[in-house]
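A.B. asks: Take a look at this one; I'll ask things after.
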Amino acid sequence: MKKIKIIFSSLVFTASLLMSTIAQAENIKIGVSFRMLSDVGYKHGMLIEDTVKMWNSQGGINGKKIDLTLYNDECKSEKGVANATKLAYQDKVHVIIGSSCSSVTLPMVPVITKAGVPQIIPHSTSSKITMTGSEYIFRVPVSSRFYKIVQGKFTAEQQGKKIAYIYVPDQASMVFAKEMMKYMKDEYGVDPVYQVQAGEKETDFRSFLMKAKAANPDVIVLSGLVDETVRMLVQSYEVGIPKSVHRVANSVASKVEVPTNAGKAAVGVVYSAAFAASDTRPIAKKFVKMVKSKYGVTPGHDFSQMQDLLDMLKPALEQVNFTGNLAADRNAVRDSIANIKNFTGLASGPISFCAAGSPECRDGNKTPVMIKYTRGGKNWKTAVAGTVTFKPSDGL
Amino acid sequence: MEKFKDIIRQYPFLGFIIAFFILMAIPSIFFTDLYQSHLSSLIFINIIVAAGLNIVKGYCGQVTVGHVGLYAVGSYTAGCMFMYLGASLWITLPVAILVTGLFGVAFAIPSFRLEGPYLALATLGGGEAIRLFIENGEFFGSTYGISSISQPELFGITFDTPDKYYYISMPVMLIAIYFSFSVLRSSIGRAFMAVREDPISAAASGINVKKHKMLAFILSAMFAGAAGAVYAHLPPGYIHPNNYTVIEMVTFLAMVVFGGLGHIWGGIIGAVIITIVYDLTRPLYEYQLFIFGLTIVLTILFMPKGIGGFIDKYFIDRRFKKKQAVADK
Amino acid sequence: MLLKTKKLMKAFGGLKAINKVDFELPKNEIRGIIGPNGSGKSTFFNLVSGVYDPDPGSYIEFDGHDITEEPPHKVGELGLARTFQLLRLYQDMSVINNVMSGYHTLVPYRFIDAVVGRKKIWDQEKVIKEEMMDLLSFVGLADYAEMNASELSGGQRRLLVLARAIAGKPKLLMLDEPAAGLSPVNVDNLMKILMRLKEKYGLTLIIIEHILKVVMDTCSKVTVLDHGEKIAEGTPSQIKDDNAVIEAYLGKKMDDEEMRKALAV
Ligand SMILES: Nc1ncnc2c1ncn2[C@@H]1O[C@H](COP(=O)(O)OP(=O)(O)O)[C@@H](O)[C@H]1O
Ligand SMILES: [Mg+2]
């Protein structure tokens with residue numbers, strides 16, 4: 001009796017599985033893999049689910065329903081690769097959205113390329129990803145190759161070229177300062193007016209700041225970890241470097257500790273991103289309001305990029321004539337995404353792709369936005385300081 | 001049937017040959033897509049790690065929470081040998097096993113003085129230290145990871161897709177299991193258990209406790225090293241420190257606990273079930289951690305010896321009843 | 001002499017648990033060790049078997065080997081087996097595995113053969129298992145071979161530790177209160193089995209026992225410890241009449257009647 005029960009229930013189970021696959025045969029399938037465990041990551045997943053639900057309730061894409069499969073990859077390459085393989089071969093999706101971490105997206109590329117599934121990246125910035133030359137990969141965010149030089153370009157064009165550098169021995173802090181010096185030399189032929197590497201675990205930077213002040217710079221680059229950056233900013237006012245001298249920090253400037261702890265000294269410091277919540281365009285204001293009310297957070301560029309991605313993907317899918325031949329349909333989706341030109345959404349600049357599997361074609365957003373602090377302390381505030389537009393081949 | 005059982009018991013090697021041919025045939029009969037091959041390879045890799053962990057934790061009773069660090073050592077030995085020397089799996093696998101075995105020695109030393117939670121802390125520190133060392137080491141590719149690690153070639157075939165790589169991971173797993181069975185079913189396995197149950201009593205029986213602890217750590221480290229190397233070369237051949245954190249360690253432990261600590265099949269059963277269940281619950285990612293936590297807690301509460309112990313109990317009870325029935329007659 | 005100690009000493013802090021004990025035991029003897037609680041009997045076993053390190057100046061010799069500094073497993077390898085007052089059974093192992101791990105030092109195959117899993121291992125394992133099953137039948141536990149040791153009753157456990165200690169075919173077997181907590185019937189049974197085992201394996205025995213009757217009946221010679229010191233040694237009847245012993249046990253002299261009662265427990 002027990003045996004019969006087991007056999008019966010497993011039969012029902014397989015049958016229902018079969019039914020569901022048959023029922024889905026006609027639909028367009030989107031697979032998703034990214035980090036969905038952290039609070040914000042989870043909300044990105046909800047944004048996709050809600051958006052696709054809305055598409056379906058509005059009649060789908062050319063009358064076809066969309067099936068969404070969401071997997072979490074926990075920012076682990078092992079999970080990401082497994083997800084990509086599963087989405088490609090078992091779930092047979094037409095397009096993959098993912099992932100968050102560059103270290104996960106990078107190994108996914110060979111998998112989806114071999115399988116012939118187009119993949120659009122919502123978050124990963126590593127320039128290596130598109131440099132693999134895959135024809136199936138598309139990136140919505142700004143590539144790290146642009147982020148690497150955006151501060152230099154912005155500073156040179158809008159702040160001045162007489163630059164003093166103070167940096168700490170930490171790897172990232174050192175690289176930031178050195179890269180910027182090199183960029184200034186290569187692009188504009190200028191040398192630093194002053195440069196110094198502070199000692200490890202230095203807390204008092206005033207003697208360096210005095211010397212920097214004596215060099216009378218337009219700009220002073222203060223490159224350190226969070227705490228050191230805060231100290232250098234505060235101390236730069238203590239030694240009397242005037243407000244008119246622009247303070248530049250590395251990417252740690254985007255962390256909330258900088259304006260919170262540096263207070264007034266953070267005012268005027270800029271950082272780069274692909275979207276500013278303080279963007280005053282109506283579309284941006286509307287989006288920020290929507291996310292705040294629906295998901296309870298102020299959206300950063302991870303949120304806006306996901307929204308842009310979905311807004312780009314829908315018309316691209318509408319251009320595709322689905323034949324039922326999976327490989328052909330996937331290639332058609334790929335070609336349709338590659339056709340996207342000058343999409344203007346929430347991102348700081350237009351997003352364009354082209355046919356070749358090259359970074360020039362597949363790093364969609366080439367216009368990072370510079371965001372500056374207009375108020376320090378607990379209730380810090382930001383505003384858009386300007387945008388920098390790159391040529392497709394810059395930074396390669 | 002009885003006769004067949006006897007033959008297998010006498011020539012365990014035969015059992016593995018049969019298992020090999022069955023596993024060789026499975027993909028072409030049952031598999032419908034490449035992902036099943038990929039998942040199989042992951043299962044095989046997990047089996048190797050869990051079988052090793054079962055030796056040191058299940059049999060020898062040494063609490064180690066740093067095993068994932070040894071798995072990382074295996075992966076990165078293979079990864080670095082590929083990156084700097086262009087070595088293929090055929091070379092990196094044995095080297096990774098040896099190198100990880102050496103690391104096993106370092107993990108064994110604290111077990112001479114520490115027990116239980118203290119040993120757990122020490123090994124946890126060791127495992128995390130390895131990961132942090134890799135993460136901060138330029139030489140190891142730090143947070144970029146090592147990519148495009150090559151797939152092995154044999155008889156002109158390159159095992160560069162999941163379906164082909166199945167035929168690499170599967171035999172390695174079988175060989176590992178074979179060694180684990182041989183060791184555990186011999187007097188060494190018994191000595192491990194004696195050390196686990198009561199080191200003082202074991203010593204009185206002439207069992208060298210330190211030597212056996214050392215042996216257990218080295219053996220299990222070698223298993224982790226083999227698994228790490230096989231994982232490193234798994235297509236697309238990418239390794240990253242994020243895959244060797246405490247979460248992975250807990251998963252490995254869950255496999256051994258669920259399968260049955262100290263049961264010869266324990267690690268294997270656990271690795272198969274947990275990997276498959278994890279895969280089936282992929283779409284339920286919101287609840288996955290909860291499901292896993294619950295499984296471990298419930299197992300420990302209601303099935304302290306895991307599935308393996310459960311099965312054993314069933315068979316022993318049955319055998320006992322049979323005997324009694326005969327006696328009653 | 002099979003076992004010899006000279007000036008054996010062990011202090012825990014200020015407490016001299018064993019104090020300058022000279023002890024000699026020829027082959028084939030059954031020696032009893034008695035003494036009040038805390039007199040150092042178990043400590044004596046622990047020193048001889050290497051569980052504790054003796055204090056400097058001590059000397060222990062077993063079967064012609066100086067074992068003063070040897071670790072416990074070396075002592076075990078030389079053929080000195082023992083049981084523990086607290087049994088130290090392998091609770092979570094089957095009964096047969098308990099006994100088979102006692103055979104450890106006699107296993108004929110090498111480590112490398114085991115790892116490679118050569119066929120001869122399995123043949124030899126089969127032989128070992130059969131031999132150990134015989135031993136289990138001898139002590140009456142064969143039916144429980146596949147059971148977990150933790151499922152055994154108190155009396156069975158005592159038989160199991162006995163079997164485990166004998167499995168390694170020791171030259172000397174030291175038993176720490178083997179009959180403690182058993183009912184008189186079980187005590188008799190245990191002692192009967194023990195005597196048969198001694199015959200069969202040609203054992204030399206040292207027995208620590210609280211039940212004086214057991215000691216008086218089975219031992220050819222008795223050593224008495226008190227406060228870590230050896231206060232008397234002799235045949236049971238000599239010991240019975242030794243004033244120092246009587247004082248150590250009861251703190252006063254007894255008349256014959258009282259004496260007989262005390263020893264008849
Ligand atoms: N490991 C130890 N640490 C401290 N004191 C001990 C230890 N082992 C035994 N002792 C002490 O040594 C004395 C002798 O103990 P023991 O040999 O167990 O006596 P018994 O004759 O009852 O077996 C006791 O006072 C006991 O408290
Ligand atoms: Mg005692």
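Labeling convention for the structure tokens: chains A, B, ... as they appear, residues from 1 per chain, ligands from 1 in order of appearance.
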List the neighbours of Glu318 in chain A out to 10 Å using only C-alpha atoms; skip same-chain residues closer than 4 positions along the sequence, and give me the result as a ChimeraX atom specification.

C.D. replies: /A:60-64,313-314,322,333,336

A.B. asks: Within 6 Å of ligand 1 (counting only C-alpha atoms and all ligand atoms), which residues show up? I'd like them as a list in words.

C.D. replies: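 Counting only C-alpha atoms and all ligand atoms, the residues within 6 Å of ligand 1 come out as Phe12, Ala17, Asn37, Gly38, Ser39, Gly40, Lys41, Ser42 and Thr43 of chain C.
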
A.B. asks: Set the distance at 12 Å and use only C-alpha atoms: which residues neighbour Thr161 in chain B once local chain neighbours fewer than 5 positions away are removed? I'd like the list as a list in words.

C.D. replies: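 Here the answer would be Thr85, Pro110, Val111, Lys114 and Ala115 of chain A; Asp33, Leu34, Tyr35, Gln36, Ser37, His38, Ser41, Ser150, Gln151, Pro152, Glu153, Tyr166, Tyr167, Ile168, His233, Leu234, Pro235, Pro236 and Gly237 of chain B.
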
A.B. asks: Take the residues from that selection and write them out as a tab-separated table (two decimals), in the first residue's frame, keeping C-alpha atoms.

C.D. replies:
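Dumped everything to selection-v1.tsv:
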chain	number	residue	atom	x	y	z
A	85	THR	CA	24.36	26.78	-16.72
A	110	PRO	CA	32.21	31.84	-21.12
A	111	VAL	CA	29.22	29.76	-20.03
A	114	LYS	CA	29.16	28.71	-25.28
A	115	ALA	CA	25.44	28.23	-24.75
B	33	ASP	CA	20.69	18.67	-20.58
B	34	LEU	CA	24.19	19.88	-19.84
B	35	TYR	CA	23.26	21.31	-16.49
B	36	GLN	CA	22.68	17.87	-15.05
B	37	SER	CA	26.28	17.05	-15.89
B	38	HIS	CA	27.46	20.28	-14.28
B	41	SER	CA	30.33	17.32	-11.11
B	150	SER	CA	42.37	24.99	-18.58
B	151	GLN	CA	40.46	21.76	-18.90
B	152	PRO	CA	42.38	18.51	-19.16
B	153	GLU	CA	42.97	16.58	-22.35
B	166	TYR	CA	31.65	14.62	-15.81
B	167	TYR	CA	34.04	11.90	-16.94
B	168	ILE	CA	36.87	13.63	-15.05
B	233	HIS	CA	39.50	23.04	-13.55
B	234	LEU	CA	35.72	22.64	-13.77
B	235	PRO	CA	34.54	24.63	-16.80
B	236	PRO	CA	34.71	27.61	-17.09
B	237	GLY	CA	37.75	27.20	-14.81

A.B. asks: At a cut-off of 10 Å, using only C-alpha atoms, what residues contact Ala221 in chain B? Leave out same-chain residues fewer than 4 positions from it and give the result as a list in words.

C.D. replies: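 Surrounding residues, per the criterion: Val49, Gly52, Leu53, Ile55, Val56, His67, Val68, Gly69, Leu70, Tyr71, Val73, Gly74, Ile97, Leu98, Val99, Thr100, Gly101, Leu102, Phe103, Gly104, Val105, Phe107, Ala108, Leu215, Ala216, Phe217, Gly225, Ala226 and Ala227 of chain B.
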
A.B. asks: Which residues of chain B are close to chain C, meaning at most 6 Å apart when you count only C-alpha atoms, and how do they look as a list in words?

C.D. replies: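 Per the criterion, chain B yields Phe179, Ser182, Val183, Arg190, Glu197, Ala203, Ala204, Ser205, Gly206, Ile207 and Asn208 of chain B.
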
A.B. asks: I'd like the contact shell of range 388-390 of chain A - 12 Å cut-off, only C-alpha atoms, skipping same-chain residues fewer than 6 positions apart - returned as number ranges by chain.

C.D. replies: A: 142-143, 145-158, 271-274, 348-351, 360, 363-371, 396

A.B. asks: If you count only C-alpha atoms, which residues fall within 12 Å of Gly202 in chain C, apart from same-chain ones fewer than 4 positions away, as a PyMOL selection string?

C.D. replies: chain C and resi 27-30+166+169-173+194-198

A.B. asks: Write the residues you've just listed into a file as a PDB file, in the first residue's frame, and include N, CA, C and O atoms for each of them.

C.D. replies:
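Below is the file result06.pdb, written as the result:
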ATOM      1  N   LYS C  27      55.945 -13.428  36.611  1.00  0.00           N
ATOM      2  CA  LYS C  27      54.986 -13.922  35.610  1.00  0.00           C
ATOM      3  C   LYS C  27      53.974 -14.861  36.268  1.00  0.00           C
ATOM      4  O   LYS C  27      54.270 -15.543  37.244  1.00  0.00           O
ATOM      5  N   ASN C  28      52.776 -14.858  35.681  1.00  0.00           N
ATOM      6  CA  ASN C  28      51.742 -15.834  36.036  1.00  0.00           C
ATOM      7  C   ASN C  28      51.093 -15.643  37.393  1.00  0.00           C
ATOM      8  O   ASN C  28      50.227 -16.413  37.769  1.00  0.00           O
ATOM      9  N   GLU C  29      51.497 -14.597  38.088  1.00  0.00           N
ATOM     10  CA  GLU C  29      50.883 -14.377  39.391  1.00  0.00           C
ATOM     11  C   GLU C  29      49.544 -13.662  39.245  1.00  0.00           C
ATOM     12  O   GLU C  29      49.297 -12.989  38.243  1.00  0.00           O
ATOM     13  N   ILE C  30      48.663 -13.814  40.205  1.00  0.00           N
ATOM     14  CA  ILE C  30      47.493 -12.956  40.314  1.00  0.00           C
ATOM     15  C   ILE C  30      47.688 -12.113  41.555  1.00  0.00           C
ATOM     16  O   ILE C  30      47.715 -12.623  42.669  1.00  0.00           O
ATOM     17  N   ILE C 166      41.760  -7.929  26.692  1.00  0.00           N
ATOM     18  CA  ILE C 166      42.412  -9.207  26.396  1.00  0.00           C
ATOM     19  C   ILE C 166      42.651  -9.381  24.905  1.00  0.00           C
ATOM     20  O   ILE C 166      43.544 -10.119  24.494  1.00  0.00           O
ATOM     21  N   LYS C 169      46.032  -9.670  23.409  1.00  0.00           N
ATOM     22  CA  LYS C 169      46.873 -10.742  23.949  1.00  0.00           C
ATOM     23  C   LYS C 169      48.006 -10.191  24.812  1.00  0.00           C
ATOM     24  O   LYS C 169      49.184 -10.382  24.517  1.00  0.00           O
ATOM     25  N   PRO C 170      47.659  -9.517  25.879  1.00  0.00           N
ATOM     26  CA  PRO C 170      48.687  -8.870  26.707  1.00  0.00           C
ATOM     27  C   PRO C 170      49.444  -9.889  27.548  1.00  0.00           C
ATOM     28  O   PRO C 170      48.970 -11.000  27.783  1.00  0.00           O
ATOM     29  N   LYS C 171      50.627  -9.482  27.993  1.00  0.00           N
ATOM     30  CA  LYS C 171      51.376 -10.312  28.931  1.00  0.00           C
ATOM     31  C   LYS C 171      50.893 -10.045  30.343  1.00  0.00           C
ATOM     32  O   LYS C 171      50.907 -10.925  31.188  1.00  0.00           O
ATOM     33  N   LEU C 172      50.527  -8.790  30.561  1.00  0.00           N
ATOM     34  CA  LEU C 172      50.049  -8.404  31.886  1.00  0.00           C
ATOM     35  C   LEU C 172      48.734  -7.661  31.732  1.00  0.00           C
ATOM     36  O   LEU C 172      48.601  -6.790  30.879  1.00  0.00           O
ATOM     37  N   LEU C 173      47.757  -8.045  32.533  1.00  0.00           N
ATOM     38  CA  LEU C 173      46.469  -7.367  32.491  1.00  0.00           C
ATOM     39  C   LEU C 173      46.192  -6.758  33.850  1.00  0.00           C
ATOM     40  O   LEU C 173      46.234  -7.446  34.869  1.00  0.00           O
ATOM     41  N   LEU C 194      36.897 -14.602  34.176  1.00  0.00           N
ATOM     42  CA  LEU C 194      38.258 -14.088  34.276  1.00  0.00           C
ATOM     43  C   LEU C 194      39.263 -15.220  34.485  1.00  0.00           C
ATOM     44  O   LEU C 194      40.321 -15.269  33.838  1.00  0.00           O
ATOM     45  N   MET C 195      38.897 -16.120  35.369  1.00  0.00           N
ATOM     46  CA  MET C 195      39.821 -17.228  35.644  1.00  0.00           C
ATOM     47  C   MET C 195      39.999 -18.106  34.414  1.00  0.00           C
ATOM     48  O   MET C 195      41.091 -18.563  34.102  1.00  0.00           O
ATOM     49  N   ARG C 196      38.903 -18.312  33.678  1.00  0.00           N
ATOM     50  CA  ARG C 196      39.008 -19.129  32.473  1.00  0.00           C
ATOM     51  C   ARG C 196      39.892 -18.433  31.433  1.00  0.00           C
ATOM     52  O   ARG C 196      40.686 -19.070  30.746  1.00  0.00           O
ATOM     53  N   LEU C 197      39.746 -17.100  31.366  1.00  0.00           N
ATOM     54  CA  LEU C 197      40.568 -16.333  30.423  1.00  0.00           C
ATOM     55  C   LEU C 197      42.044 -16.425  30.794  1.00  0.00           C
ATOM     56  O   LEU C 197      42.921 -16.535  29.941  1.00  0.00           O
ATOM     57  N   LYS C 198      42.294 -16.355  32.074  1.00  0.00           N
ATOM     58  CA  LYS C 198      43.688 -16.436  32.536  1.00  0.00           C
ATOM     59  C   LYS C 198      44.303 -17.760  32.105  1.00  0.00           C
ATOM     60  O   LYS C 198      45.422 -17.799  31.587  1.00  0.00           O
TER      61      LYS C 198
END

A.B. asks: If the cut-off is 9 Å, can you tell me the residues of chain A near chain B, counting only C-alpha atoms? I'd like them as a ChimeraX atom specification.

C.D. replies: /A:36-37,42,69-72,75-79,81-83,85-90,102-104,106-111,114

A.B. asks: Go ahead and write the residues just picked, N, CA and C atoms, as a PDB file, in the first residue's frame.

C.D. replies:
ATOM      1  N   MET A  36      20.907  38.343  -4.104  1.00  0.00           N
ATOM      2  CA  MET A  36      19.605  38.790  -3.638  1.00  0.00           C
ATOM      3  C   MET A  36      19.426  38.584  -2.151  1.00  0.00           C
ATOM      4  N   LEU A  37      20.517  38.388  -1.438  1.00  0.00           N
ATOM      5  CA  LEU A  37      20.317  38.130  -0.014  1.00  0.00           C
ATOM      6  C   LEU A  37      20.404  39.381   0.830  1.00  0.00           C
ATOM      7  N   TYR A  42      17.827  42.072  -2.340  1.00  0.00           N
ATOM      8  CA  TYR A  42      16.510  41.465  -2.332  1.00  0.00           C
ATOM      9  C   TYR A  42      15.498  42.383  -3.001  1.00  0.00           C
ATOM     10  N   THR A  69      12.555  33.565 -14.089  1.00  0.00           N
ATOM     11  CA  THR A  69      13.182  32.640 -13.143  1.00  0.00           C
ATOM     12  C   THR A  69      14.272  33.383 -12.402  1.00  0.00           C
ATOM     13  N   LEU A  70      14.117  33.507 -11.097  1.00  0.00           N
ATOM     14  CA  LEU A  70      15.085  34.255 -10.301  1.00  0.00           C
ATOM     15  C   LEU A  70      15.920  33.303  -9.460  1.00  0.00           C
ATOM     16  N   TYR A  71      17.238  33.401  -9.580  1.00  0.00           N
ATOM     17  CA  TYR A  71      18.132  32.638  -8.710  1.00  0.00           C
ATOM     18  C   TYR A  71      19.061  33.599  -7.992  1.00  0.00           C
ATOM     19  N   ASN A  72      19.397  33.218  -6.784  1.00  0.00           N
ATOM     20  CA  ASN A  72      20.353  34.011  -6.017  1.00  0.00           C
ATOM     21  C   ASN A  72      21.744  33.437  -6.240  1.00  0.00           C
ATOM     22  N   CYS A  75      26.696  36.372  -4.622  1.00  0.00           N
ATOM     23  CA  CYS A  75      27.994  36.957  -4.978  1.00  0.00           C
ATOM     24  C   CYS A  75      29.091  35.898  -4.928  1.00  0.00           C
ATOM     25  N   LYS A  76      28.742  34.680  -5.313  1.00  0.00           N
ATOM     26  CA  LYS A  76      29.716  33.587  -5.332  1.00  0.00           C
ATOM     27  C   LYS A  76      29.771  33.023  -6.744  1.00  0.00           C
ATOM     28  N   SER A  77      30.985  32.919  -7.280  1.00  0.00           N
ATOM     29  CA  SER A  77      31.110  32.494  -8.673  1.00  0.00           C
ATOM     30  C   SER A  77      30.599  31.075  -8.863  1.00  0.00           C
ATOM     31  N   GLU A  78      30.793  30.227  -7.854  1.00  0.00           N
ATOM     32  CA  GLU A  78      30.334  28.847  -8.002  1.00  0.00           C
ATOM     33  C   GLU A  78      28.831  28.814  -8.246  1.00  0.00           C
ATOM     34  N   LYS A  79      28.094  29.635  -7.483  1.00  0.00           N
ATOM     35  CA  LYS A  79      26.644  29.670  -7.631  1.00  0.00           C
ATOM     36  C   LYS A  79      26.276  30.337  -8.949  1.00  0.00           C
ATOM     37  N   VAL A  81      27.937  30.501 -11.783  1.00  0.00           N
ATOM     38  CA  VAL A  81      28.194  29.611 -12.916  1.00  0.00           C
ATOM     39  C   VAL A  81      27.116  28.538 -12.990  1.00  0.00           C
ATOM     40  N   ALA A  82      26.765  27.981 -11.831  1.00  0.00           N
ATOM     41  CA  ALA A  82      25.715  26.953 -11.811  1.00  0.00           C
ATOM     42  C   ALA A  82      24.396  27.558 -12.282  1.00  0.00           C
ATOM     43  N   ASN A  83      24.074  28.757 -11.810  1.00  0.00           N
ATOM     44  CA  ASN A  83      22.839  29.410 -12.237  1.00  0.00           C
ATOM     45  C   ASN A  83      22.826  29.626 -13.744  1.00  0.00           C
ATOM     46  N   THR A  85      24.468  28.059 -16.023  1.00  0.00           N
ATOM     47  CA  THR A  85      24.364  26.777 -16.723  1.00  0.00           C
ATOM     48  C   THR A  85      22.926  26.267 -16.669  1.00  0.00           C
ATOM     49  N   LYS A  86      22.341  26.384 -15.495  1.00  0.00           N
ATOM     50  CA  LYS A  86      20.964  25.905 -15.333  1.00  0.00           C
ATOM     51  C   LYS A  86      20.003  26.731 -16.184  1.00  0.00           C
ATOM     52  N   LEU A  87      20.146  28.034 -16.158  1.00  0.00           N
ATOM     53  CA  LEU A  87      19.251  28.900 -16.937  1.00  0.00           C
ATOM     54  C   LEU A  87      19.409  28.622 -18.430  1.00  0.00           C
ATOM     55  N   ALA A  88      20.665  28.401 -18.831  1.00  0.00           N
ATOM     56  CA  ALA A  88      20.921  28.210 -20.258  1.00  0.00           C
ATOM     57  C   ALA A  88      20.418  26.859 -20.744  1.00  0.00           C
ATOM     58  N   TYR A  89      20.737  25.793 -20.005  1.00  0.00           N
ATOM     59  CA  TYR A  89      20.493  24.454 -20.544  1.00  0.00           C
ATOM     60  C   TYR A  89      19.223  23.794 -20.024  1.00  0.00           C
ATOM     61  N   GLN A  90      18.859  24.120 -18.776  1.00  0.00           N
ATOM     62  CA  GLN A  90      17.703  23.429 -18.213  1.00  0.00           C
ATOM     63  C   GLN A  90      16.444  24.281 -18.312  1.00  0.00           C
ATOM     64  N   SER A 102      31.340  41.512 -10.033  1.00  0.00           N
ATOM     65  CA  SER A 102      32.134  41.251 -11.234  1.00  0.00           C
ATOM     66  C   SER A 102      32.740  39.861 -11.191  1.00  0.00           C
ATOM     67  N   SER A 103      33.100  39.407  -9.975  1.00  0.00           N
ATOM     68  CA  SER A 103      33.738  38.105  -9.863  1.00  0.00           C
ATOM     69  C   SER A 103      32.762  36.979 -10.156  1.00  0.00           C
ATOM     70  N   VAL A 104      31.487  37.288 -10.237  1.00  0.00           N
ATOM     71  CA  VAL A 104      30.505  36.269 -10.618  1.00  0.00           C
ATOM     72  C   VAL A 104      30.200  36.386 -12.108  1.00  0.00           C
ATOM     73  N   LEU A 106      32.068  37.549 -14.474  1.00  0.00           N
ATOM     74  CA  LEU A 106      33.228  37.168 -15.300  1.00  0.00           C
ATOM     75  C   LEU A 106      33.207  35.687 -15.697  1.00  0.00           C
ATOM     76  N   PRO A 107      33.062  34.748 -14.753  1.00  0.00           N
ATOM     77  CA  PRO A 107      33.021  33.343 -15.180  1.00  0.00           C
ATOM     78  C   PRO A 107      31.699  32.940 -15.839  1.00  0.00           C
ATOM     79  N   MET A 108      30.668  33.773 -15.706  1.00  0.00           N
ATOM     80  CA  MET A 108      29.414  33.448 -16.386  1.00  0.00           C
ATOM     81  C   MET A 108      29.561  33.646 -17.889  1.00  0.00           C
ATOM     82  N   VAL A 109      30.410  34.602 -18.279  1.00  0.00           N
ATOM     83  CA  VAL A 109      30.504  34.951 -19.703  1.00  0.00           C
ATOM     84  C   VAL A 109      30.862  33.747 -20.579  1.00  0.00           C
ATOM     85  N   PRO A 110      31.922  32.997 -20.260  1.00  0.00           N
ATOM     86  CA  PRO A 110      32.208  31.837 -21.123  1.00  0.00           C
ATOM     87  C   PRO A 110      31.055  30.834 -21.167  1.00  0.00           C
ATOM     88  N   VAL A 111      30.321  30.723 -20.063  1.00  0.00           N
ATOM     89  CA  VAL A 111      29.220  29.761 -20.026  1.00  0.00           C
ATOM     90  C   VAL A 111      28.105  30.176 -20.983  1.00  0.00           C
ATOM     91  N   LYS A 114      29.180  30.057 -24.722  1.00  0.00           N
ATOM     92  CA  LYS A 114      29.157  28.710 -25.276  1.00  0.00           C
ATOM     93  C   LYS A 114      27.726  28.263 -25.538  1.00  0.00           C
TER      94      LYS A 114
END

A.B. asks: With a distance cut-off of 7 Å and only C-alpha atoms, select the neighbouring residues of Gly263 in chain A, excluding the residue or stretch itself and same-chain residues fewer than 3 positions from it, and output the selection as a PyMOL selection string.

C.D. replies: chain A and resi 259-260+266+376-377

A.B. asks: At what distance in Å, to one decimal, does CA of Ala254 in chain B lie from CA of Pro27 in chain B?

C.D. replies: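 Between CA of Pro27 in chain B and CA of Ala254 in chain B the gap works out to 27.3 Å.
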
A.B. asks: Could you tell me how far CA of Pro94 in chain B sits from CA of Met81 in chain B, in Å to one decimal place?

C.D. replies: 11.6 Å

A.B. asks: Select, from C:Thr5, C:Ser153, C:Gln85, C:Asn19, the residue with the minimum atom-to-atom distance to ligand 2, counting only C-alpha atoms and all ligand atoms.

C.D. replies: C:Gln85

A.B. asks: How would you write, as number ranges by chain, the set of residues in range 32-210 of chain C that DSSP gives as alpha helix (DSSP H)?

C.D. replies: C: 41-48, 72-77, 95-102, 111-116, 119-139, 154-167, 184-201

A.B. asks: Write down as a VMD selection string the residues belonging to range 136-247 of chain C that are assigned strand (DSSP E or B) by DSSP computed on the backbone.

C.D. replies: chain C and resid 148 172 to 176 204 to 208 221 to 226 229 to 234

A.B. asks: Deliver the residues from the most recent selection as a file, using C-alpha atoms, as a short mmCIF file (atom, residue, chain, number, x, y, z; two decimals), in the first residue's frame.

C.D. replies:
data_model
loop_
_atom_site.label_atom_id
_atom_site.label_comp_id
_atom_site.auth_asym_id
_atom_site.auth_seq_id
_atom_site.Cartn_x
_atom_site.Cartn_y
_atom_site.Cartn_z
CA ASN C 148 26.17 -0.33 20.02
CA LEU C 172 50.05 -8.40 31.89
CA LEU C 173 46.47 -7.37 32.49
CA MET C 174 45.67 -4.77 35.11
CA LEU C 175 42.05 -4.53 36.23
CA ASP C 176 40.80 -1.48 38.10
CA THR C 204 49.48 -12.36 34.60
CA LEU C 205 46.97 -10.25 36.52
CA ILE C 206 46.85 -7.30 38.85
CA ILE C 207 43.42 -6.66 40.32
CA ILE C 208 42.35 -3.62 42.24
CA LYS C 221 49.44 -12.28 46.87
CA VAL C 222 48.10 -8.91 47.96
CA THR C 223 49.70 -5.48 48.10
CA VAL C 224 48.16 -2.89 50.40
CA LEU C 225 48.41 0.84 49.76
CA ASP C 226 47.58 3.61 52.17
CA GLU C 229 52.57 4.16 50.50
CA LYS C 230 52.91 0.41 50.44
CA ILE C 231 52.11 -0.65 53.96
CA ALA C 232 51.94 -4.40 53.56
CA GLU C 233 52.43 -7.23 51.12
CA GLY C 234 51.82 -10.93 51.46
#

A.B. asks: Please determine, counting only C-alpha atoms and all ligand atoms, which residue among C:Leu162, C:Ile211, C:Val127, C:Leu86 has the shortest atom-to-atom distance to ligand 2.

C.D. replies: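 Closest to ligand 2 of all the choices is C:Leu86.
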